[in-house]
Each structure stands twice: as C-alpha cells, then as structure tokens.
$ cat entry33.cif   # mmCIF, C-alpha atoms and all ligand atoms
data_work
#
loop_
_atom_site.label_atom_id
_atom_site.label_comp_id
_atom_site.auth_asym_id
_atom_site.auth_seq_id
_atom_site.Cartn_x
_atom_site.Cartn_y
_atom_site.Cartn_z
CA MET A 18 5.90 46.39 -105.15
CA ALA A 19 9.26 46.80 -106.90
CA ASN A 20 7.88 49.04 -109.64
CA SER A 21 5.43 51.00 -107.50
CA LEU A 22 7.56 54.14 -107.91
CA THR A 23 7.17 54.46 -111.66
CA GLN A 24 3.62 53.00 -111.65
CA ASN A 25 2.30 55.66 -109.29
CA LEU A 26 3.95 58.52 -111.16
CA LYS A 27 2.59 57.45 -114.55
CA ALA A 28 -0.80 56.05 -113.49
CA TYR A 29 -2.62 59.00 -115.09
CA ASP A 30 -0.64 59.22 -118.35
CA GLY A 31 -3.12 59.62 -121.21
CA VAL A 32 -6.05 60.50 -118.93
CA GLU A 33 -8.21 63.36 -120.28
CA ASP A 34 -6.27 63.23 -123.57
CA LEU A 35 -8.05 65.89 -125.65
CA SER A 36 -7.68 63.89 -128.88
CA THR A 37 -9.93 61.15 -127.46
CA PHE A 38 -12.99 63.42 -127.07
CA SER A 39 -15.44 63.02 -129.97
CA SER A 40 -16.41 66.72 -130.17
CA GLN A 41 -16.13 70.09 -128.42
CA GLU A 42 -19.60 69.35 -127.04
CA ALA A 43 -18.21 66.20 -125.39
CA VAL A 44 -15.39 68.27 -123.87
CA GLU A 45 -17.89 70.82 -122.52
CA LYS A 46 -20.11 68.09 -121.07
CA TYR A 47 -17.13 66.52 -119.33
CA ARG A 48 -16.00 69.91 -117.96
CA THR A 49 -19.48 70.48 -116.52
CA GLU A 50 -19.39 67.05 -114.84
CA ARG A 51 -15.99 67.79 -113.30
CA LEU A 52 -17.17 71.19 -111.98
CA GLU A 53 -20.28 69.59 -110.47
CA ALA A 54 -18.14 66.94 -108.79
CA MET A 55 -16.18 69.72 -107.04
CA ALA A 56 -19.22 71.38 -105.39
CA GLY A 57 -18.69 69.68 -102.00
CA ALA A 58 -14.97 70.49 -101.88
CA VAL A 59 -15.57 74.12 -102.87
CA SER A 60 -18.15 74.69 -100.12
CA PHE A 61 -15.78 73.05 -97.61
CA LEU A 62 -13.05 75.55 -98.61
CA GLU A 63 -15.53 78.43 -98.63
CA LYS A 64 -16.45 77.74 -94.98
CA ARG A 65 -12.83 78.39 -94.05
CA VAL A 66 -12.66 81.75 -95.77
CA GLU A 67 -13.82 85.01 -94.24
CA ARG A 68 -16.99 86.23 -95.93
CA GLY A 69 -16.10 88.16 -99.07
CA ALA A 70 -12.38 87.34 -98.89
CA LEU A 71 -10.51 85.98 -101.89
CA ILE A 72 -7.98 83.18 -101.43
CA SER A 73 -4.90 81.75 -103.11
CA VAL A 74 -5.17 77.98 -103.56
CA ILE A 75 -2.46 75.45 -104.43
CA ASP A 76 -3.93 72.15 -105.59
CA ILE A 77 -1.52 69.19 -105.69
CA GLY A 78 -2.46 66.43 -108.15
CA SER A 79 -4.82 68.91 -109.77
CA GLY A 80 -5.80 66.77 -112.79
CA SER A 81 -8.00 68.94 -115.01
CA SER A 82 -7.68 71.81 -112.45
CA CYS A 83 -11.45 71.52 -112.03
CA LEU A 84 -11.20 72.43 -108.33
CA LEU A 85 -9.50 75.74 -109.15
CA TYR A 86 -11.97 76.52 -111.94
CA ALA A 87 -14.89 75.68 -109.63
CA CYS A 88 -13.44 78.03 -106.97
CA LYS A 89 -13.05 80.73 -109.62
CA LYS A 90 -16.66 80.31 -110.75
CA LYS A 91 -17.78 80.50 -107.10
CA GLY A 92 -15.98 83.86 -106.80
CA ILE A 93 -13.61 82.88 -103.95
CA LEU A 94 -10.33 82.60 -105.88
CA LEU A 95 -7.69 85.30 -106.06
CA HIS A 96 -4.93 83.10 -107.45
CA GLY A 97 -4.63 79.39 -108.13
CA VAL A 98 -1.75 77.00 -108.85
CA GLY A 99 -2.47 73.48 -110.10
CA ILE A 100 0.39 70.98 -109.92
CA GLU A 101 -0.07 67.90 -112.08
CA ILE A 102 2.49 65.34 -113.25
CA SER A 103 0.46 63.84 -116.11
CA LYS A 104 1.08 65.70 -119.41
CA SER A 105 -2.32 64.82 -120.90
CA ARG A 106 -4.16 66.07 -117.80
CA HIS A 107 -2.04 69.24 -117.72
CA ASP A 108 -2.82 69.88 -121.42
CA PHE A 109 -6.54 69.40 -120.75
CA ALA A 110 -6.34 71.85 -117.85
CA GLU A 111 -4.43 74.38 -119.98
CA GLN A 112 -6.92 74.23 -122.85
CA TRP A 113 -9.77 74.79 -120.39
CA ARG A 114 -7.91 77.69 -118.75
CA CYS A 115 -7.25 79.37 -122.13
CA ASP A 116 -10.86 78.87 -123.30
CA GLU A 117 -12.16 80.57 -120.13
CA GLY A 118 -9.41 83.24 -120.00
CA TYR A 119 -8.43 82.41 -116.42
CA SER A 120 -5.24 84.48 -116.19
CA SER A 121 -5.07 84.23 -112.39
CA ILE A 122 -4.60 80.44 -112.52
CA GLU A 123 -1.32 78.68 -113.32
CA ASN A 124 -1.05 75.03 -114.31
CA LEU A 125 2.36 73.44 -113.71
CA ASN A 126 3.20 70.14 -115.38
CA LEU A 127 5.58 69.02 -112.64
CA ASN A 128 6.21 66.36 -110.03
CA ILE A 129 5.32 68.04 -106.71
CA THR A 130 8.82 67.21 -105.43
CA ASP A 131 10.27 69.55 -108.11
CA VAL A 132 8.12 72.56 -107.20
CA PRO A 133 10.01 75.31 -105.33
CA VAL A 134 8.61 76.37 -101.95
CA SER A 135 8.19 79.94 -103.23
CA THR A 136 5.56 78.65 -105.70
CA MET A 137 3.66 77.06 -102.80
CA ASN A 138 2.86 80.42 -101.25
CA GLY A 139 -0.89 80.69 -100.60
CA ASP A 140 -3.81 80.60 -98.16
CA MET A 141 -4.89 77.06 -98.82
CA CYS A 142 -3.26 73.89 -100.07
CA THR A 143 -5.42 70.98 -101.17
CA ILE A 144 -4.51 67.35 -101.88
CA LEU A 145 -7.79 65.63 -102.73
CA ASP A 146 -9.12 62.37 -104.19
CA SER A 147 -6.61 60.15 -102.33
CA THR A 148 -3.63 61.75 -104.12
CA PHE A 149 -1.75 61.91 -100.79
CA THR A 150 -1.96 58.10 -100.47
CA TYR A 151 0.16 57.64 -103.65
CA PHE A 152 3.31 59.32 -102.36
CA HIS A 153 4.47 56.73 -99.81
CA SER A 154 5.02 54.03 -102.46
CA VAL A 155 7.11 56.38 -104.57
CA ASP A 156 9.37 57.05 -101.59
CA PRO A 157 8.45 56.46 -97.92
CA SER A 158 9.93 59.86 -96.98
CA MET A 159 7.94 61.71 -99.67
CA PRO A 160 4.70 62.36 -97.68
CA GLU A 161 6.60 64.13 -94.85
CA GLN A 162 8.78 66.04 -97.32
CA ILE A 163 5.71 67.33 -99.13
CA LEU A 164 4.03 68.32 -95.86
CA GLN A 165 7.16 70.29 -94.91
CA GLN A 166 7.22 71.96 -98.33
CA ILE A 167 3.54 72.94 -97.92
CA PHE A 168 4.03 74.22 -94.37
CA GLN A 169 6.93 76.43 -95.44
CA GLY A 170 5.04 77.84 -98.40
CA LEU A 171 1.67 78.52 -96.77
CA ASN A 172 0.82 81.93 -95.34
CA CYS A 173 0.36 82.09 -91.54
CA GLY A 174 -3.21 81.08 -90.76
CA GLY A 175 -3.27 79.12 -94.04
CA TRP A 176 -5.07 75.79 -94.37
CA LEU A 177 -4.03 72.35 -95.52
CA ILE A 178 -6.92 70.13 -96.67
CA LEU A 179 -6.37 66.42 -97.35
CA GLU A 180 -9.17 64.20 -98.67
CA MET A 181 -8.68 60.49 -99.22
CA SER A 182 -10.13 57.01 -99.07
CA THR A 183 -9.72 55.02 -95.87
CA PHE A 184 -10.07 51.89 -98.06
CA LEU A 185 -12.29 50.46 -95.32
CA ASP A 186 -14.53 48.46 -97.69
CA ALA A 187 -11.56 47.30 -99.75
CA ARG A 188 -9.70 46.14 -96.64
CA ARG A 189 -12.77 44.27 -95.39
CA SER A 190 -13.32 42.62 -98.78
CA CYS A 191 -9.68 41.54 -98.96
CA GLN A 192 -9.54 40.19 -95.40
CA ASP A 193 -10.38 36.55 -96.11
CA SER A 194 -9.09 36.24 -99.65
CA GLN A 195 -6.25 37.23 -101.95
CA GLY A 196 -8.19 40.25 -103.18
CA TYR A 197 -11.34 40.96 -105.13
CA TYR A 198 -12.59 41.95 -108.58
CA LYS A 199 -15.30 44.44 -109.41
CA TRP A 200 -16.95 45.32 -112.77
CA VAL A 201 -18.49 48.78 -113.11
CA GLU A 202 -20.57 49.94 -116.07
CA LEU A 203 -19.57 53.54 -116.85
CA PRO A 204 -21.88 56.41 -117.86
CA LYS A 205 -22.52 56.98 -121.61
CA SER A 206 -20.47 60.21 -121.51
CA ASN A 207 -17.37 58.14 -120.66
CA LYS A 208 -15.20 56.98 -123.57
CA TYR A 209 -14.84 53.65 -121.73
CA SER A 210 -17.85 51.38 -121.38
CA TYR A 211 -16.69 49.24 -118.44
CA ALA A 212 -14.03 49.33 -115.75
CA LEU A 213 -12.65 46.18 -114.15
CA TYR A 214 -10.94 46.70 -110.82
CA LYS A 215 -8.68 44.15 -109.12
CA VAL A 216 -7.85 45.13 -105.58
CA ASP A 217 -5.28 43.54 -103.25
CA TYR A 218 -4.42 44.54 -99.72
CA SER A 219 -0.99 43.93 -98.19
CA LYS A 220 -1.82 44.02 -94.48
CA ASN A 221 1.76 44.03 -93.21
CA ARG A 222 2.70 46.99 -95.46
CA ASN A 223 -0.74 48.62 -95.16
CA ILE A 224 -0.76 49.17 -98.93
CA ILE A 225 -3.67 48.74 -101.34
CA CYS A 226 -2.73 47.70 -104.88
CA SER A 227 -5.47 48.63 -107.31
CA GLU A 228 -5.27 47.49 -110.92
CA SER A 229 -7.86 49.08 -113.22
CA ARG A 230 -8.71 48.05 -116.79
CA TYR A 231 -10.95 50.29 -118.89
CA LEU A 232 -12.64 48.87 -122.00
CA TYR A 233 -12.99 51.33 -124.90
CA ARG A 234 -16.57 52.04 -125.97
CA SER A 235 -15.99 52.70 -129.67
CA GLN A 236 -12.98 50.52 -130.45
CA SER A 237 -11.51 47.26 -129.26
CA GLY A 238 -8.83 47.22 -126.60
CA GLU A 239 -8.32 48.51 -123.12
CA SER A 240 -6.35 51.00 -121.10
CA LYS A 241 -4.74 49.83 -117.88
CA LYS A 242 -3.33 51.47 -114.77
CA ILE A 243 -1.93 50.29 -111.44
CA GLU A 244 -1.82 52.37 -108.28
CA TYR A 245 -0.29 51.63 -104.90
CA SER A 246 -2.02 53.50 -102.08
CA LYS A 247 -0.97 53.80 -98.46
CA VAL A 248 -3.76 53.29 -95.92
CA TYR A 249 -3.58 56.02 -93.28
CA SER A 250 -5.25 56.12 -89.89
CA THR A 251 -6.34 59.48 -88.46
CA SER A 252 -3.76 59.17 -85.64
CA GLU A 253 -0.97 58.58 -88.16
CA LEU A 254 -2.02 61.61 -90.23
CA LYS A 255 -2.38 63.79 -87.14
CA LYS A 256 1.13 62.86 -86.03
CA MET A 257 2.51 63.67 -89.48
CA VAL A 258 0.85 67.09 -89.88
CA CYS A 259 1.55 68.11 -86.26
CA GLY A 260 5.14 66.91 -86.72
CA VAL A 261 5.75 69.56 -89.37
CA GLY A 262 3.99 72.28 -87.32
CA PHE A 263 0.30 72.31 -88.28
CA THR A 264 -2.33 72.87 -85.56
CA ASN A 265 -6.14 72.78 -85.17
CA VAL A 266 -6.36 69.34 -86.82
CA VAL A 267 -9.90 68.09 -87.45
CA PHE A 268 -11.23 65.04 -89.27
CA TYR A 269 -14.56 64.48 -91.03
CA SER A 270 -15.90 61.68 -93.17
CA ASP A 271 -16.99 64.00 -95.96
CA TYR A 272 -17.15 67.60 -97.12
CA GLN A 273 -20.50 68.02 -95.33
CA GLU A 274 -18.48 67.65 -92.09
CA THR A 275 -20.10 64.41 -90.92
CA SER A 276 -18.13 63.18 -87.90
CA PHE A 277 -15.41 60.69 -88.67
CA ASP A 278 -15.90 57.11 -87.50
CA GLU A 279 -12.87 54.78 -87.85
CA LYS A 280 -15.24 51.78 -88.06
CA LYS A 281 -17.63 53.23 -90.66
CA SER A 282 -16.06 56.02 -92.70
CA ASN A 283 -14.86 55.07 -96.15
CA ARG A 284 -13.31 58.47 -96.76
CA LEU A 285 -11.69 61.10 -94.61
CA VAL A 286 -11.23 64.83 -94.85
CA LEU A 287 -8.48 66.42 -92.74
CA ALA A 288 -8.29 70.16 -92.19
CA CYS A 289 -5.44 71.82 -90.28
CA GLN A 290 -3.86 75.26 -90.05
CA LYS A 291 -0.50 76.96 -89.93
CA ARG A 292 -0.56 79.09 -86.76
CA LYS A 293 -1.37 82.78 -87.35
C1 LIG A 301 -6.89 60.97 -108.02
S1 LIG A 301 -6.21 62.06 -109.17
C2 LIG A 301 -6.87 63.62 -108.69
C3 LIG A 301 -7.47 64.36 -109.83
C4 LIG A 301 -8.03 65.75 -109.58
N1 LIG A 301 -8.33 66.03 -108.21
C5 LIG A 301 -9.28 65.95 -110.45
O1 LIG A 301 -10.38 65.97 -109.92
O2 LIG A 301 -9.13 66.04 -111.67
C6 LIG A 301 -4.54 62.20 -108.63
C7 LIG A 301 -3.71 63.07 -109.54
O3 LIG A 301 -2.44 63.31 -108.92
C8 LIG A 301 -1.43 63.32 -109.92
N2 LIG A 301 -0.15 63.04 -109.26
C9 LIG A 301 0.24 61.87 -108.71
N3 LIG A 301 1.49 61.98 -108.22
C10 LIG A 301 1.89 63.25 -108.45
C11 LIG A 301 3.08 63.97 -108.17
N4 LIG A 301 4.11 63.38 -107.56
N5 LIG A 301 3.16 65.27 -108.53
C12 LIG A 301 2.11 65.88 -109.17
N6 LIG A 301 0.95 65.23 -109.48
C13 LIG A 301 0.84 63.94 -109.12
C14 LIG A 301 -1.89 62.22 -110.86
O4 LIG A 301 -1.31 62.32 -112.13
C15 LIG A 301 -3.41 62.42 -110.88
O5 LIG A 301 -3.82 63.26 -111.91
#

$ encode --input "entry33.cif" --output "structure tokens" --more "lines below"
Ligand SMILES: C[S@@+](CC[C@H](N)C(=O)[O-])C[C@H]1O[C@@H](n2cnc3c(N)ncnc32)[C@H](O)[C@@H]1O
Amino acid sequence: MANSLTQNLKAYDGVEDLSTFSSQEAVEKYRTERLEAMAGAVSFLEKRVERGALISVIDIGSGSSCLLYACKKKGILLHGVGIEISKSRHDFAEQWRCDEGYSSIENLNLNITDVPVSTMNGDMCTILDSTFTYFHSVDPSMPEQILQQIFQGLNCGGWLILEMSTFLDARRSCQDSQGYYKWVELPKSNKYSYALYKVDYSKNRNIICSESRYLYRSQSGESKKIEYSKVYSTSELKKMVCGVGFTNVVFYSDYQETSFDEKKSNRLVLACQKRK
C-alpha cells in the first residue's frame, strides 16, 4: 500500500493516447462508443433538470470528457468543466472538443485538489465510474476535502452525483482466498486484445487492489496499471456528504433508479443536493 498515492494518480497515464489510434475512423468509432456509454448517466442528470433548462456541469475524473459532450449533444448543457489528471486523456478530450467546436466546455489537466473553488461553480458536479473510490488511498482526508470543495462551489439547489462500484462480487470472490484472476477478451475496436485482472481485497482496510495488464493487439508487450479503491457503504457515504452540508441523499443501484440493495447491488449511484 506504500505506493498507492502515486499509483492512483498515474493509473491512467497513456490511456486514450491519440498516437495509438490507427486512423481518424478509429478515433471516431471510439468517440461514438464513449458517447453511447454515457446515455444512462445523461438521462439520470436530465431527470434532475427542469424541463428546457440548461445546466453547468463539473465532471471530476472526466477522462475523454465524453459525459460533457454527451450532455451537449442532448441539449442540456450550458457550460461544462472536465477535470482530468492524465495528460493523454486530457489531450484526447481537447482534440475532440476542438473538432466539434465546443467553446462552452473547458478541459483542465489538473489534480482535483489543485482546482480553485471558483472554478467549481455550477449546477451539477459528477464523479462517476468509481473515481471517488481512488481518493482515499492518495490521502485519507482527500475525499472529505473534495466534498467540501464541491459543496462550496455548487450553486444553491445544485446536485452532487457519485457513481461507483460496491465491489460486492470482488469482495465475495476474495473472501476465501488471497485474491482472484480474471481474463477478459476485449472487443476488436480495442487496441488491446486481452485484459488480465488480479484483484485483492484487504478486509481490515476495506481497500480493493486491482492490477490490470492489457496485451497489445498489433505488437508484443503489455501495458499495466494498479489502482487502490476504497469500498464505501451507503451509510458511510451518507455521513460524509451530510457532514459537509448536502441534503436529500438518495441511493440507487443504477442510472435507471433501481432501488439499492446492500446484499445485491454491485454499483451505487448517490444523488444529493445543496439546499436552495
Ligand atoms: C474511471 S476513470 C473515469 C473516466 C471517465 N468518466 C470517462 O468515461 O472517460 C477515472 C479518471 O479519474 C482520473 N483521476 C483520478 N484521480 C484524479 C485526480 N486526483 N484529479 C483529477 N482526475 C483524477 C483518472 O486519471 C481517470 O481518467
């Protein structure tokens, strides 16, 4: 766990590196896939917006900024800020933004801890795809600090949306052993042909260590990343968000708003509001 700080901050270095796409067509195909993957999240946000209103969204750990671009395409975005620490992902997001001429969206290549509160001003703040679970291993006080930063920046009535894995299956699989391995064959559009995941669960720390190896499709070799993720219960998250001042906290197991079940749900979606 000693190097979890640097591992978590650089886990996505090189991801979406534009030089690794074989053609512009491959880039376009990948962009379309990313937009499609955001459909559930976008309709979840849309349900929290008054009909016809346009919203400002801050997305933390924005990757390719696909969420913001999907919101823009859906016609619900007034202004968007994507905050992403990985340079290659930021560059991918910027190229996409320039190609589409999205002048109302800003991509910041920064660690969220270095973003001033004034930049966090908006109607909605999103931290999706388990990004929130990475912060604890960087610094145990980081999750609360970020929640405070978000609360201060958000407009009154503004929403915070967290979406993450509960690691339920991983925890069950690790219960009787030291961890488990899983091979996954990746789709043809992916530059990697296979992914090998090694997952360990430290029960006393409540941390999942996930080591991923990706085998290149068209050359020999592999790319490797390690992530340390904190497992959160709904009561823990509720205490944290209420502790900084959020209200109206609700949990679902997905963007379709299926009720959350601690014993069954592999993912959780939290929505809460800053009082009007
Ligand atoms: C699971 S990915 C989410 C990707 C994004 N939602 C998408 O669909 O492209 C988590 C992202 O958070 C970024 N990240 C992790 N820690 C960060 C930090 N402290 N500040 C900003 N970004 C961070 C990672 O580089 C990674 O791109």

$ closest_atom_pairs --input "entry33.cif" --of "chain A" --to "ligand LIG 301 (chain A)" --cutoff "8 Å" --atoms "all atoms listed in the file" --output "Markdown table"
| residue | atom | partner | partner_atom | distance |
| --- | --- | --- | --- | --- |
| A:Asn25 | CA | A:LIG301 | N3 | 6.5 |
| A:Leu26 | CA | A:LIG301 | N3 | 5.2 |
| A:Lys27 | CA | A:LIG301 | O4 | 6.7 |
| A:Ala28 | CA | A:LIG301 | O4 | 6.4 |
| A:Tyr29 | CA | A:LIG301 | O4 | 4.6 |
| A:Asp30 | CA | A:LIG301 | O4 | 7.0 |
| A:Val32 | CA | A:LIG301 | O5 | 7.9 |
| A:Arg51 | CA | A:LIG301 | O1 | 6.8 |
| A:Ala54 | CA | A:LIG301 | O1 | 7.9 |
| A:Met55 | CA | A:LIG301 | O1 | 7.5 |
| A:Asp76 | CA | A:LIG301 | N1 | 8.0 |
| A:Ile77 | CA | A:LIG301 | N6 | 6.0 |
| A:Gly78 | CA | A:LIG301 | O3 | 3.2 |
| A:Ser79 | CA | A:LIG301 | C4 | 4.5 |
| A:Gly80 | CA | A:LIG301 | O2 | 3.6 |
| A:Ser81 | CA | A:LIG301 | O2 | 4.6 |
| A:Ser82 | CA | A:LIG301 | O2 | 6.0 |
| A:Cys83 | CA | A:LIG301 | O2 | 6.0 |
| A:Leu84 | CA | A:LIG301 | O1 | 6.7 |
| A:Ile100 | CA | A:LIG301 | C12 | 5.4 |
| A:Glu101 | CA | A:LIG301 | N6 | 3.9 |
| A:Ile102 | CA | A:LIG301 | N6 | 4.1 |
| A:Ser103 | CA | A:LIG301 | O4 | 4.6 |
| A:Arg106 | CA | A:LIG301 | O5 | 6.5 |
| A:Asn126 | CA | A:LIG301 | C12 | 7.6 |
| A:Leu127 | CA | A:LIG301 | C12 | 5.8 |
| A:Asn128 | CA | A:LIG301 | N5 | 3.6 |
| A:Ile129 | CA | A:LIG301 | N5 | 4.0 |
| A:Thr130 | CA | A:LIG301 | N4 | 6.4 |
| A:Ile144 | CA | A:LIG301 | N1 | 7.5 |
| A:Leu145 | CA | A:LIG301 | N1 | 5.5 |
| A:Asp146 | CA | A:LIG301 | C1 | 4.6 |
| A:Ser147 | CA | A:LIG301 | C1 | 5.8 |
| A:Thr148 | CA | A:LIG301 | C6 | 4.6 |
| A:Tyr151 | CA | A:LIG301 | N3 | 6.4 |
| A:Phe152 | CA | A:LIG301 | N4 | 6.6 |

$ closest_residue --input "entry33.cif" --among "A:Leu254, A:Leu171, A:Val201, A:Ile93" --to "Lys293 in chain A" --atoms "all atoms listed in the file"
A:Leu171

$ atom_distance --input "entry33.cif" --atom1 "CA of Gln24 in chain A" --atom2 "CA of Lys205 in chain A"
28.3 Å

$ residues_around --input "entry33.cif" --residues "range 244-246 of chain A" --least-positions-apart "6" --cutoff "12 Å" --atoms "all atoms listed in the file" --output "VMD selection string"
chain A and resid 18 to 29 146 to 157 160 181 to 184 187 to 188 214 to 219 222 to 230

$ residues_around --input "entry33.cif" --residues "Arg48 in chain A" --least-positions-apart "2" --cutoff "12 Å" --atoms "only C-alpha atoms" --output "PyMOL selection string"
chain A and resi 33+35+38+41-46+50-55+80-84+86-87+109-110+112-114+116-117+206

$ residues_around --input "entry33.cif" --residues "Lys208 in chain A" --least-positions-apart "2" --cutoff "12 Å" --atoms "only C-alpha atoms" --output "ChimeraX atom specification"
/A:32-40,43-44,47,202-206,210-212,231-237,239-240

$ closest_residue --input "entry33.cif" --among "A:Gly238, A:Tyr209, A:Ile178, A:Leu71" --to "Tyr272 in chain A" --atoms "only C-alpha atoms"
A:Ile178

$ residues_around --input "entry33.cif" --residues "Lys91 in chain A" --least-positions-apart "2" --cutoff "10 Å" --atoms "only C-alpha atoms" --output "number ranges by chain"
A: 56, 59-60, 63, 85-89, 93-94

$ atom_distance --input "entry33.cif" --atom1 "CA of Met141 in chain A" --atom2 "CA of Asn265 in chain A"
14.4 Å

$ closest_residue --input "entry33.cif" --among "A:Ser121, A:Ser158, A:Gln290, A:Asn221" --to "Leu95 in chain A" --atoms "all atoms listed in the file"
A:Ser121

$ atom_distance --input "entry33.cif" --atom1 "CA of Glu111 in chain A" --atom2 "CA of Gly97 in chain A"
12.9 Å

$ residues_around --input "entry33.cif" --residues "Lys255 in chain A" --least-positions-apart "4" --cutoff "12 Å" --atoms "all atoms listed in the file" --output "list in words"
Glu161, Leu164, Leu179, Tyr249, Ser250, Thr251, Cys259, Gly260, Val261, Gly262, Phe263, Thr264, Asn265, Val266, Val267, Phe268, Val286, Leu287, Ala288, Cys289 and Gln290 of chain A

$ closest_residue --input "entry33.cif" --among "A:Gln169, A:Gln162, A:Gln195, A:Ser282" --to "Thr136 in chain A" --atoms "all atoms listed in the file"
A:Gln169

$ decode --input "entry33.cif" --residues "range 30-59 of chain A" --atoms "N, CA and C atoms" --output "CSV table (one decimal), in the first residue's frame"
chain,number,residue,atom,x,y,z
A,30,ASP,N,-2.2,7.2,-17.0
A,30,ASP,CA,-1.2,7.8,-17.9
A,30,ASP,C,-1.2,7.0,-19.1
A,31,GLY,N,-1.2,7.6,-20.3
A,31,GLY,CA,-1.1,6.9,-21.6
A,31,GLY,C,-2.5,6.4,-22.1
A,32,VAL,N,-3.5,6.5,-21.3
A,32,VAL,CA,-4.8,6.0,-21.7
A,32,VAL,C,-5.4,7.0,-22.8
A,33,GLU,N,-6.0,6.5,-23.8
A,33,GLU,CA,-6.6,7.3,-24.9
A,33,GLU,C,-5.5,8.1,-25.6
A,34,ASP,N,-4.2,7.7,-25.6
A,34,ASP,CA,-3.2,8.4,-26.3
A,34,ASP,C,-3.5,8.4,-27.8
A,35,LEU,N,-3.6,9.6,-28.3
A,35,LEU,CA,-4.1,9.7,-29.7
A,35,LEU,C,-3.2,9.0,-30.7
A,36,SER,N,-1.9,9.0,-30.4
A,36,SER,CA,-0.9,8.4,-31.3
A,36,SER,C,-1.1,6.9,-31.5
A,37,THR,N,-1.9,6.3,-30.6
A,37,THR,CA,-2.1,4.8,-30.6
A,37,THR,C,-3.3,4.4,-31.4
A,38,PHE,N,-4.1,5.4,-31.9
A,38,PHE,CA,-5.2,5.0,-32.8
A,38,PHE,C,-4.8,4.9,-34.2
A,39,SER,N,-5.3,3.8,-34.9
A,39,SER,CA,-4.8,3.5,-36.2
A,39,SER,C,-5.2,4.5,-37.3
A,40,SER,N,-6.3,5.2,-37.1
A,40,SER,CA,-6.8,6.1,-38.1
A,40,SER,C,-7.8,7.1,-37.5
A,41,GLN,N,-8.2,8.1,-38.2
A,41,GLN,CA,-9.3,9.0,-37.7
A,41,GLN,C,-10.6,8.3,-37.5
A,42,GLU,N,-10.8,7.3,-38.4
A,42,GLU,CA,-12.0,6.5,-38.3
A,42,GLU,C,-12.1,5.7,-37.0
A,43,ALA,N,-10.9,5.2,-36.6
A,43,ALA,CA,-10.8,4.5,-35.3
A,43,ALA,C,-11.1,5.5,-34.1
A,44,VAL,N,-10.6,6.7,-34.3
A,44,VAL,CA,-10.9,7.7,-33.2
A,44,VAL,C,-12.4,8.0,-33.2
A,45,GLU,N,-13.0,8.2,-34.3
A,45,GLU,CA,-14.5,8.5,-34.4
A,45,GLU,C,-15.3,7.3,-33.8
A,46,LYS,N,-14.9,6.1,-34.1
A,46,LYS,CA,-15.6,4.9,-33.7
A,46,LYS,C,-15.6,4.9,-32.1
A,47,TYR,N,-14.4,5.1,-31.6
A,47,TYR,CA,-14.2,5.1,-30.2
A,47,TYR,C,-15.0,6.2,-29.5
A,48,ARG,N,-15.0,7.4,-30.1
A,48,ARG,CA,-15.8,8.5,-29.6
A,48,ARG,C,-17.3,8.1,-29.5
A,49,THR,N,-17.8,7.5,-30.6
A,49,THR,CA,-19.2,7.1,-30.6
A,49,THR,C,-19.5,6.1,-29.5
A,50,GLU,N,-18.5,5.2,-29.2
A,50,GLU,CA,-18.7,4.2,-28.2
A,50,GLU,C,-18.8,4.9,-26.8
A,51,ARG,N,-17.9,5.9,-26.6
A,51,ARG,CA,-17.9,6.6,-25.3
A,51,ARG,C,-19.2,7.4,-25.1
A,52,LEU,N,-19.7,8.0,-26.2
A,52,LEU,CA,-20.9,8.7,-26.1
A,52,LEU,C,-22.1,7.8,-25.7
A,53,GLU,N,-22.1,6.6,-26.4
A,53,GLU,CA,-23.2,5.7,-26.1
A,53,GLU,C,-23.1,5.2,-24.7
A,54,ALA,N,-21.9,5.0,-24.2
A,54,ALA,CA,-21.8,4.5,-22.8
A,54,ALA,C,-22.3,5.5,-21.8
A,55,MET,N,-22.4,6.8,-22.2
A,55,MET,CA,-22.9,7.8,-21.2
A,55,MET,C,-24.4,8.0,-21.2
A,56,ALA,N,-25.1,7.3,-22.1
A,56,ALA,CA,-26.6,7.5,-22.2
A,56,ALA,C,-27.3,7.5,-20.9
A,57,GLY,N,-27.0,6.4,-20.1
A,57,GLY,CA,-27.7,6.2,-18.8
A,57,GLY,C,-27.4,7.4,-17.8
A,58,ALA,N,-26.1,7.8,-17.8
A,58,ALA,CA,-25.7,8.9,-16.9
A,58,ALA,C,-26.4,10.2,-17.3
A,59,VAL,N,-26.5,10.5,-18.6
A,59,VAL,CA,-27.1,11.7,-19.1
A,59,VAL,C,-28.6,11.7,-18.8
